[in-house]
$ cat structure23.txt   # compact mmCIF, C-alpha atoms and all ligand atoms
# COMPACT_ATOMS: atom_id res chain seq x y z
CA MET A 9 23.33 15.01 -23.45
CA ARG A 10 21.79 14.07 -20.10
CA THR A 11 19.41 16.53 -18.43
CA PRO A 12 17.89 16.18 -14.97
CA ASP A 13 14.50 17.61 -15.97
CA GLY A 14 12.69 14.35 -16.63
CA PRO A 15 9.58 13.22 -14.70
CA GLU A 16 9.32 13.81 -10.94
CA PHE A 17 9.62 10.71 -8.75
CA LEU A 18 9.47 9.72 -5.11
CA LYS A 19 10.61 6.56 -3.39
CA GLY A 20 8.65 5.02 -0.54
CA HIS A 21 7.91 1.79 1.25
CA GLY A 22 5.44 0.00 3.49
CA THR A 23 7.13 -2.66 5.68
CA GLN A 24 9.97 -2.63 3.13
CA ASN A 25 7.74 -3.44 0.16
CA ASP A 26 9.19 -0.57 -1.88
CA PHE A 27 7.83 1.57 -4.67
CA VAL A 28 8.74 4.29 -7.11
CA ILE A 29 5.95 6.89 -7.06
CA LEU A 30 5.36 8.82 -10.29
CA PRO A 31 3.11 11.90 -9.91
CA ASP A 32 1.25 12.18 -13.23
CA PRO A 33 -2.06 14.00 -12.53
CA ASP A 34 -3.05 14.39 -16.19
CA GLY A 35 -1.93 10.96 -17.36
CA ALA A 36 0.74 12.46 -19.63
CA LEU A 37 3.49 9.88 -18.98
CA ALA A 38 3.88 6.92 -21.33
CA LEU A 39 4.48 4.31 -18.64
CA THR A 40 5.67 1.41 -20.78
CA GLY A 41 6.63 -2.00 -19.44
CA GLU A 42 10.23 -1.24 -20.41
CA ARG A 43 10.25 1.94 -18.30
CA VAL A 44 8.69 0.14 -15.32
CA ARG A 45 11.29 -2.65 -15.51
CA ALA A 46 14.12 -0.11 -15.76
CA LEU A 47 12.81 2.00 -12.85
CA CYS A 48 12.45 -1.09 -10.62
CA ASP A 49 15.83 -2.56 -11.53
CA ARG A 50 18.08 -2.27 -8.46
CA ARG A 51 21.23 -1.80 -10.55
CA ARG A 52 20.32 0.13 -13.69
CA GLY A 53 17.36 2.04 -12.19
CA LEU A 54 16.08 3.34 -8.85
CA GLY A 55 15.13 -0.12 -7.57
CA ALA A 56 11.68 -1.11 -6.32
CA ASP A 57 9.13 -3.94 -6.12
CA GLY A 58 6.65 -1.86 -8.09
CA VAL A 59 5.60 1.52 -9.47
CA LEU A 60 2.69 3.65 -8.21
CA ARG A 61 1.57 6.17 -10.82
CA VAL A 62 -0.53 8.96 -9.27
CA VAL A 63 -3.14 9.94 -11.83
CA ARG A 64 -6.64 11.41 -11.72
CA THR A 65 -9.12 8.66 -12.51
CA GLY A 66 -10.73 10.90 -15.13
CA ALA A 67 -7.40 11.12 -16.99
CA LEU A 68 -7.06 7.34 -17.29
CA PRO A 69 -8.76 6.03 -20.44
CA ASP A 70 -9.14 2.45 -19.10
CA ALA A 71 -10.16 3.39 -15.53
CA PRO A 72 -12.76 1.12 -13.91
CA ALA A 73 -16.30 2.49 -14.30
CA ASP A 74 -16.98 2.29 -10.54
CA VAL A 75 -14.19 4.74 -9.60
CA PRO A 76 -15.33 8.42 -9.68
CA ALA A 77 -13.40 10.65 -12.11
CA ASP A 78 -12.14 13.05 -9.40
CA VAL A 79 -10.63 10.34 -7.16
CA TRP A 80 -6.82 9.89 -7.24
CA PHE A 81 -6.05 6.58 -8.93
CA MET A 82 -3.21 4.24 -7.95
CA ASP A 83 -2.00 2.88 -11.29
CA TYR A 84 0.04 -0.03 -9.91
CA ARG A 85 2.70 -1.94 -11.88
CA ASN A 86 4.77 -4.92 -10.75
CA ALA A 87 8.56 -4.82 -11.20
CA ASP A 88 8.28 -7.04 -14.30
CA GLY A 89 6.06 -4.41 -15.96
CA SER A 90 2.77 -6.27 -15.44
CA ILE A 91 -0.34 -4.54 -14.14
CA ALA A 92 -1.95 -5.74 -10.89
CA GLU A 93 -5.38 -4.94 -9.56
CA MET A 94 -4.41 -3.99 -6.04
CA CYS A 95 -1.47 -3.43 -3.68
CA GLY A 96 -2.09 -3.19 0.06
CA ASN A 97 1.28 -1.73 1.02
CA GLY A 98 1.25 0.49 -2.05
CA VAL A 99 -2.13 2.01 -1.23
CA ARG A 100 -0.85 3.14 2.19
CA VAL A 101 2.27 4.70 0.65
CA PHE A 102 0.09 6.28 -2.06
CA ALA A 103 -2.17 7.85 0.61
CA ARG A 104 0.89 9.12 2.50
CA TYR A 105 2.07 10.80 -0.73
CA LEU A 106 -1.37 12.39 -1.39
CA ALA A 107 -1.47 13.87 2.13
CA ASP A 108 2.18 14.94 2.04
CA ALA A 109 1.72 16.67 -1.35
CA GLY A 110 -1.44 18.45 -0.18
CA LEU A 111 -3.55 16.56 -2.72
CA ALA A 112 -5.80 15.16 0.02
CA GLU A 113 -6.60 15.98 3.62
CA ALA A 114 -4.73 13.80 6.10
CA GLY A 115 -7.40 11.81 7.90
CA GLU A 116 -9.97 10.07 5.73
CA LEU A 117 -9.39 9.86 1.99
CA LEU A 118 -10.27 7.67 -0.98
CA VAL A 119 -7.91 5.90 -3.38
CA GLY A 120 -9.08 4.47 -6.71
CA THR A 121 -7.63 1.11 -7.73
CA ARG A 122 -8.40 -1.51 -10.37
CA ALA A 123 -10.10 -3.46 -7.56
CA GLY A 124 -12.38 -0.49 -6.74
CA VAL A 125 -12.29 2.49 -4.37
CA ARG A 126 -10.44 1.96 -1.09
CA PRO A 127 -11.16 4.24 1.92
CA VAL A 128 -7.94 5.07 3.77
CA ARG A 129 -7.39 6.69 7.19
CA ILE A 130 -4.06 8.28 8.10
CA ARG A 131 -4.01 7.98 11.88
CA GLU A 132 -2.49 10.51 14.24
CA ASP A 133 0.15 7.97 15.30
CA GLY A 134 1.33 7.84 11.66
CA GLN A 135 -0.05 4.38 10.91
CA VAL A 136 -2.27 4.08 7.85
CA ALA A 137 -5.46 1.97 7.91
CA VAL A 138 -7.05 0.79 4.67
CA ASP A 139 -10.50 -0.70 4.22
CA MET A 140 -9.48 -3.50 1.85
CA GLY A 141 -13.01 -4.78 1.21
CA ALA A 142 -14.20 -8.34 1.71
CA ALA A 143 -11.62 -11.07 1.08
CA LYS A 144 -13.30 -13.87 -0.86
CA VAL A 145 -12.17 -17.47 -0.45
CA PHE A 146 -12.65 -19.29 -3.75
CA GLY A 147 -11.07 -22.71 -3.35
CA GLU A 148 -8.23 -24.79 -2.05
CA SER A 149 -5.01 -25.66 -3.85
CA THR A 150 -1.41 -26.74 -3.42
CA THR A 151 2.05 -25.44 -4.19
CA SER A 152 5.56 -26.48 -3.26
CA ALA A 153 8.84 -25.01 -2.02
CA SER A 154 12.12 -26.59 -0.92
CA GLY A 155 10.82 -29.98 -2.07
CA ARG A 156 7.74 -29.85 0.21
CA THR A 157 4.09 -29.65 -0.80
CA PHE A 158 1.90 -27.04 0.89
CA THR A 159 -1.90 -26.84 0.89
CA GLY A 160 -3.59 -23.48 1.08
CA ILE A 161 -6.74 -21.53 0.38
CA ALA A 162 -7.32 -19.32 -2.66
CA VAL A 163 -8.22 -15.79 -1.53
CA ASP A 164 -9.31 -12.86 -3.69
CA VAL A 165 -8.17 -9.59 -2.07
CA GLY A 166 -8.78 -7.70 -5.32
CA ASN A 167 -5.78 -9.68 -6.57
CA PRO A 168 -5.29 -13.47 -6.29
CA HIS A 169 -3.52 -15.26 -3.43
CA LEU A 170 -2.76 -18.79 -2.30
CA ALA A 171 -2.26 -18.65 1.47
CA CYS A 172 -0.74 -21.78 3.01
CA VAL A 173 -0.80 -22.19 6.79
CA ASP A 174 1.85 -24.61 8.00
CA ASP A 175 4.19 -25.18 10.94
CA VAL A 176 7.23 -25.08 8.65
CA GLU A 177 10.34 -23.12 9.71
CA LEU A 178 9.85 -20.23 7.27
CA ALA A 179 13.51 -19.15 7.29
CA GLU A 180 14.45 -22.48 5.74
CA LEU A 181 12.22 -22.12 2.65
CA ASP A 182 13.97 -21.43 -0.63
CA LEU A 183 11.85 -18.80 -2.39
CA THR A 184 14.38 -17.89 -5.07
CA THR A 185 12.18 -19.60 -7.66
CA ARG A 186 8.44 -19.24 -8.23
CA PRO A 187 6.32 -21.76 -6.32
CA PRO A 188 4.11 -23.62 -8.84
CA HIS A 189 0.36 -23.05 -8.99
CA ASP A 190 -2.75 -24.54 -10.60
CA PRO A 191 -3.32 -22.47 -13.78
CA GLU A 192 -7.00 -23.44 -13.88
CA LEU A 193 -7.70 -21.95 -10.45
CA PHE A 194 -5.30 -19.04 -11.02
CA PRO A 195 -5.40 -18.28 -14.78
CA HIS A 196 -3.69 -14.91 -14.29
CA GLY A 197 -1.03 -16.15 -11.85
CA VAL A 198 -1.02 -15.86 -8.09
CA ASN A 199 0.82 -14.45 -5.09
CA VAL A 200 1.82 -17.27 -2.72
CA GLU A 201 2.01 -16.84 1.07
CA PHE A 202 3.58 -19.23 3.56
CA VAL A 203 2.07 -18.56 6.97
CA ARG A 204 3.19 -19.90 10.33
CA PRO A 205 0.94 -19.38 13.37
CA ARG A 206 2.76 -17.98 16.43
CA GLU A 207 1.59 -17.22 19.99
CA GLY A 208 -1.93 -15.78 20.41
CA ASP A 209 -3.06 -13.79 17.39
CA HIS A 210 0.42 -13.44 15.87
CA VAL A 211 1.48 -15.08 12.61
CA GLN A 212 4.68 -15.02 10.59
CA MET A 213 4.62 -14.84 6.79
CA ARG A 214 6.86 -15.02 3.75
CA VAL A 215 5.57 -14.29 0.28
CA TYR A 216 6.44 -14.88 -3.35
CA GLU A 217 4.73 -12.14 -5.36
CA ARG A 218 3.38 -12.51 -8.86
CA GLY A 219 5.36 -10.24 -11.17
CA VAL A 220 8.12 -9.56 -8.63
CA GLY A 221 9.56 -12.56 -6.75
CA GLU A 222 10.08 -12.80 -3.01
CA THR A 223 9.42 -9.43 -1.38
CA ARG A 224 9.87 -8.34 2.24
CA SER A 225 6.13 -7.77 2.58
CA CYS A 226 2.85 -7.89 0.67
CA GLY A 227 -0.16 -6.06 2.13
CA THR A 228 -2.84 -7.95 0.23
CA GLY A 229 -0.87 -11.10 1.09
CA THR A 230 -1.10 -10.31 4.81
CA VAL A 231 -4.88 -10.01 4.48
CA ALA A 232 -5.00 -13.42 2.74
CA ALA A 233 -2.68 -14.81 5.43
CA ALA A 234 -4.91 -13.50 8.23
CA VAL A 235 -8.01 -15.02 6.61
CA ALA A 236 -6.21 -18.37 6.21
CA ALA A 237 -4.82 -18.32 9.77
CA LEU A 238 -8.24 -17.50 11.22
CA ARG A 239 -9.82 -20.36 9.24
CA ALA A 240 -7.10 -22.74 10.40
CA ALA A 241 -8.08 -21.75 13.95
CA GLY A 242 -11.78 -22.38 13.20
CA ALA A 243 -12.81 -18.69 12.89
CA ASP A 244 -14.16 -16.56 10.04
CA THR A 245 -13.56 -13.23 11.74
CA GLY A 246 -10.98 -11.76 14.11
CA ARG A 247 -7.60 -10.06 14.22
CA ARG A 248 -4.12 -11.18 13.27
CA VAL A 249 -0.80 -9.41 13.73
CA VAL A 250 1.27 -10.42 10.73
CA HIS A 251 5.07 -10.39 10.98
CA VAL A 252 6.85 -10.24 7.63
CA PRO A 253 10.60 -9.89 6.93
CA GLY A 254 10.13 -6.12 6.50
CA GLY A 255 8.06 -5.36 9.59
CA THR A 256 4.62 -5.86 11.13
CA VAL A 257 1.05 -5.05 10.09
CA GLU A 258 -2.32 -5.70 11.66
CA VAL A 259 -5.32 -7.21 9.87
CA GLU A 260 -8.92 -7.14 11.13
CA VAL A 261 -11.44 -9.43 9.43
CA THR A 262 -15.16 -8.75 9.98
CA PRO A 263 -18.17 -10.41 8.29
CA SER A 264 -18.33 -7.61 5.70
CA THR A 265 -14.77 -6.33 5.18
CA THR A 266 -11.08 -6.44 6.09
CA THR A 267 -8.86 -3.65 7.42
CA LEU A 268 -5.09 -3.51 6.94
CA THR A 269 -3.10 -1.18 9.23
CA GLY A 270 0.60 -0.51 8.95
CA PRO A 271 3.35 2.01 8.28
CA ALA A 272 3.89 4.04 5.11
CA VAL A 273 7.15 5.87 4.58
CA LEU A 274 8.36 8.38 1.97
CA VAL A 275 12.14 8.11 1.58
CA ALA A 276 13.30 10.40 -1.21
CA ARG A 277 12.20 12.60 -4.07
CA GLY A 278 13.80 14.00 -7.17
CA ARG A 279 13.73 14.11 -10.95
CA LEU A 280 14.57 11.39 -13.40
CA ASP A 281 17.14 12.20 -16.02
CA ALA A 282 15.24 13.15 -19.19
CA GLY A 283 17.68 11.25 -21.44
CA TRP A 284 17.43 8.12 -19.28
CA TRP A 285 13.61 8.29 -19.31
CA GLU A 286 13.65 8.44 -23.13
CA HIS A 287 16.02 5.49 -23.45
CA PRO A 288 16.16 3.65 -20.11
N1 LIG B 1 2.92 -5.90 -2.84
C1 LIG B 1 1.53 -5.71 -3.05
C2 LIG B 1 0.89 -6.58 -4.08
C3 LIG B 1 1.36 -6.18 -5.48
C4 LIG B 1 0.66 -6.90 -6.60
C5 LIG B 1 0.98 -8.35 -6.67
N2 LIG B 1 2.35 -8.63 -6.92
C6 LIG B 1 0.10 -8.97 -7.78
O1 LIG B 1 0.58 -9.15 -8.91
O2 LIG B 1 -1.07 -9.25 -7.50
C7 LIG B 1 0.75 -5.60 -1.77
O3 LIG B 1 1.29 -4.99 -0.84
O4 LIG B 1 -0.40 -6.00 -1.72
$ encode --input "structure23.txt" --output "structure tokens" --more "lines below"
Ligand SMILES: N[C@@H](CCC[C@H](N)C(=O)O)C(=O)O
Amino acid sequence: MRTPDGPEFLKGHGTQNDFVILPDPDGALALTGERVRALCDRRRGLGADGVLRVVRTGALPDAPADVPADVWFMDYRNADGSIAEMCGNGVRVFARYLADAGLAEAGELLVGTRAGVRPVRIREDGQVAVDMGAAKVFGESTTSASGRTFTGIAVDVGNPHLACVDDVELAELDLTTRPPHDPELFPHGVNVEFVRPREGDHVQMRVYERGVGETRSCGTGTVAAAVAALRAAGADTGRRVVHVPGGTVEVEVTPSTTTLTGPAVLVARGRLDAGWWEHP
């Protein structure tokens, strides 16, 4: 017997990097890998690149010690069920949900993540700006796609990235399979960005995400891409407008931090079927 009174959900996206949002203030949901994979499956579930569970930090037994208990925590999962430290598009969508649900004042708010607390500002024009913290460059490495080798820099944006700046025609890259990486430099896997400089401060990017595959955008990836593009132009700081298949975001890099600004959209809300949730 199927009943529609399972957990509440919402669907949202940031530059078409899409998420299932699960409001779970008291941490009561058993969010297993199997349930995440089923939710994200585009045929047997709702379909998404990842899941954002909305939980009070104090209700999460393994919450990072540096996130205050009363801050809303973005418990992020990739579509394959794995946990990731941070999600730049997700954190904007998460903030949009908090404001929309009346759980936080629109304007300035804080979001807890496994990479630490992220200050977020919901602007009057609807764009959402996130202080993503300092992006740390920790090496250089190579990958390959479509039979070509690419060199890039390793960037820690809370989660790991390999950002490769190259003049390649991005539309011609085959990203249906995972680009290889150096497991010594990236022991927990990596998100790989292919970045092509365009006119002025514009760059174009495609990404293969750890735990997902190619997505239409990756917020942390755009920060890594901006850092790599600035370096390729001989600068450590500055601004880059990053065009991804799903839209456009803006990244500002200063000596002490990085800011990611872009859209955040809530698309739908409803309830999961209780029987499906039990046996997805
Ligand atoms: N799409 C996200 C990044 C999600 C996590 C990533 N796949 C990882 O495993 O590190 C973003 O917008 O940053």
$ atom_distance --input "structure23.txt" --atom1 "atom CA of Thr65 of chain A" --atom2 "atom O3 of ligand LIG 1 (chain B)"
20.8 Å
$ residues_near_point --input "structure23.txt" --point "(5.5, -13.0, -3.4)" --cutoff "8 Å" --atoms "all atoms listed in the file" --output "PyMOL selection string"
chain A and resi 199-201+214-218+220-223+225-226
$ closest_atom_pairs --input "structure23.txt" --of "chain A" --to "ligand LIG 1 (chain B)" --cutoff "6 Å" --atoms "all atoms listed in the file" --output "Markdown table"
| residue | atom | partner | partner_atom | distance |
| --- | --- | --- | --- | --- |
| A:Asn86 | CA | B:LIG1 | N2 | 5.9 |
| A:Ala92 | CA | B:LIG1 | O1 | 4.7 |
| A:Met94 | CA | B:LIG1 | C4 | 5.9 |
| A:Cys95 | CA | B:LIG1 | O4 | 3.4 |
| A:Gly96 | CA | B:LIG1 | O4 | 3.7 |
| A:Asn97 | CA | B:LIG1 | O3 | 3.8 |
| A:Gly98 | CA | B:LIG1 | O3 | 5.6 |
| A:Asn167 | CA | B:LIG1 | O2 | 4.8 |
| A:Glu217 | CA | B:LIG1 | N2 | 4.5 |
| A:Arg218 | CA | B:LIG1 | O1 | 4.4 |
| A:Gly219 | CA | B:LIG1 | O1 | 5.4 |
| A:Cys226 | CA | B:LIG1 | O3 | 3.6 |
| A:Gly227 | CA | B:LIG1 | O3 | 3.5 |
| A:Thr228 | CA | B:LIG1 | O4 | 3.7 |
| A:Gly229 | CA | B:LIG1 | O4 | 5.8 |
$ closest_residue --input "structure23.txt" --among "A:Pro33, A:Ala109, A:Val79, A:Ala153" --to "Gly124 of chain A" --atoms "all atoms listed in the file"
A:Val79
$ residues_around --input "structure23.txt" --residues "Asp88 of chain A" --least-positions-apart "3" --cutoff "12 Å" --atoms "all atoms listed in the file" --output "PyMOL selection string"
chain A and resi 40-49+55-59+84-85+91-92+217-221
$ atom_distance --input "structure23.txt" --atom1 "atom CA of Gly134 of chain A" --atom2 "atom CA of Gly120 of chain A"
21.4 Å
$ closest_residue --input "structure23.txt" --among "A:Pro271, A:Pro263, A:Pro288, A:Gly254" --to "Ala103 of chain A" --atoms "only C-alpha atoms"
A:Pro271
$ decode --input "structure23.txt" --residues "segment 20-40 of chain A" --atoms "N, CA and C atoms" --output "compact mmCIF listing (two decimals), in the first residue's frame"
# COMPACT_ATOMS: atom_id res chain seq x y z
N GLY A 20 15.50 21.89 -6.35
CA GLY A 20 16.03 23.20 -6.70
C GLY A 20 17.28 23.07 -7.54
N HIS A 21 17.75 24.20 -8.06
CA HIS A 21 19.00 24.16 -8.81
C HIS A 21 19.72 25.51 -8.78
N GLY A 22 21.03 25.45 -9.02
CA GLY A 22 21.84 26.64 -9.19
C GLY A 22 22.60 26.45 -10.48
N THR A 23 22.32 27.27 -11.50
CA THR A 23 22.89 27.09 -12.85
C THR A 23 22.77 25.62 -13.32
N GLN A 24 21.61 25.06 -13.06
CA GLN A 24 21.25 23.71 -13.50
C GLN A 24 22.06 22.59 -12.85
N ASN A 25 22.77 22.89 -11.80
CA ASN A 25 23.33 21.85 -10.92
C ASN A 25 22.18 21.60 -9.94
N ASP A 26 21.52 20.42 -10.05
CA ASP A 26 20.23 20.28 -9.37
C ASP A 26 20.28 19.36 -8.16
N PHE A 27 19.37 19.67 -7.22
CA PHE A 27 19.42 19.02 -5.91
C PHE A 27 18.02 18.68 -5.42
N VAL A 28 17.95 17.56 -4.68
CA VAL A 28 16.77 17.28 -3.87
C VAL A 28 17.09 17.82 -2.48
N ILE A 29 16.19 18.63 -1.94
CA ILE A 29 16.36 19.21 -0.60
C ILE A 29 15.47 18.43 0.35
N LEU A 30 16.04 17.95 1.45
CA LEU A 30 15.27 17.19 2.44
C LEU A 30 15.27 17.93 3.77
N PRO A 31 14.18 18.64 4.11
CA PRO A 31 14.13 19.31 5.42
C PRO A 31 14.07 18.26 6.53
N ASP A 32 15.03 18.31 7.44
CA ASP A 32 15.13 17.30 8.50
C ASP A 32 15.74 17.95 9.74
N PRO A 33 15.02 18.95 10.33
CA PRO A 33 15.62 19.78 11.38
C PRO A 33 16.21 18.98 12.54
N ASP A 34 15.56 17.88 12.92
CA ASP A 34 16.01 17.14 14.10
C ASP A 34 16.88 15.94 13.75
N GLY A 35 17.26 15.82 12.50
CA GLY A 35 18.14 14.71 12.10
C GLY A 35 17.46 13.36 12.26
N ALA A 36 16.16 13.29 11.98
CA ALA A 36 15.42 12.05 12.20
C ALA A 36 15.49 11.10 11.01
N LEU A 37 15.83 11.61 9.82
CA LEU A 37 15.82 10.75 8.63
C LEU A 37 17.07 9.87 8.57
N ALA A 38 16.88 8.62 8.20
CA ALA A 38 18.03 7.73 7.96
C ALA A 38 18.40 7.88 6.48
N LEU A 39 19.34 8.78 6.21
CA LEU A 39 19.68 9.09 4.82
C LEU A 39 20.79 8.14 4.36
N THR A 40 20.39 6.94 3.97
CA THR A 40 21.36 5.93 3.54
C THR A 40 21.84 6.23 2.12
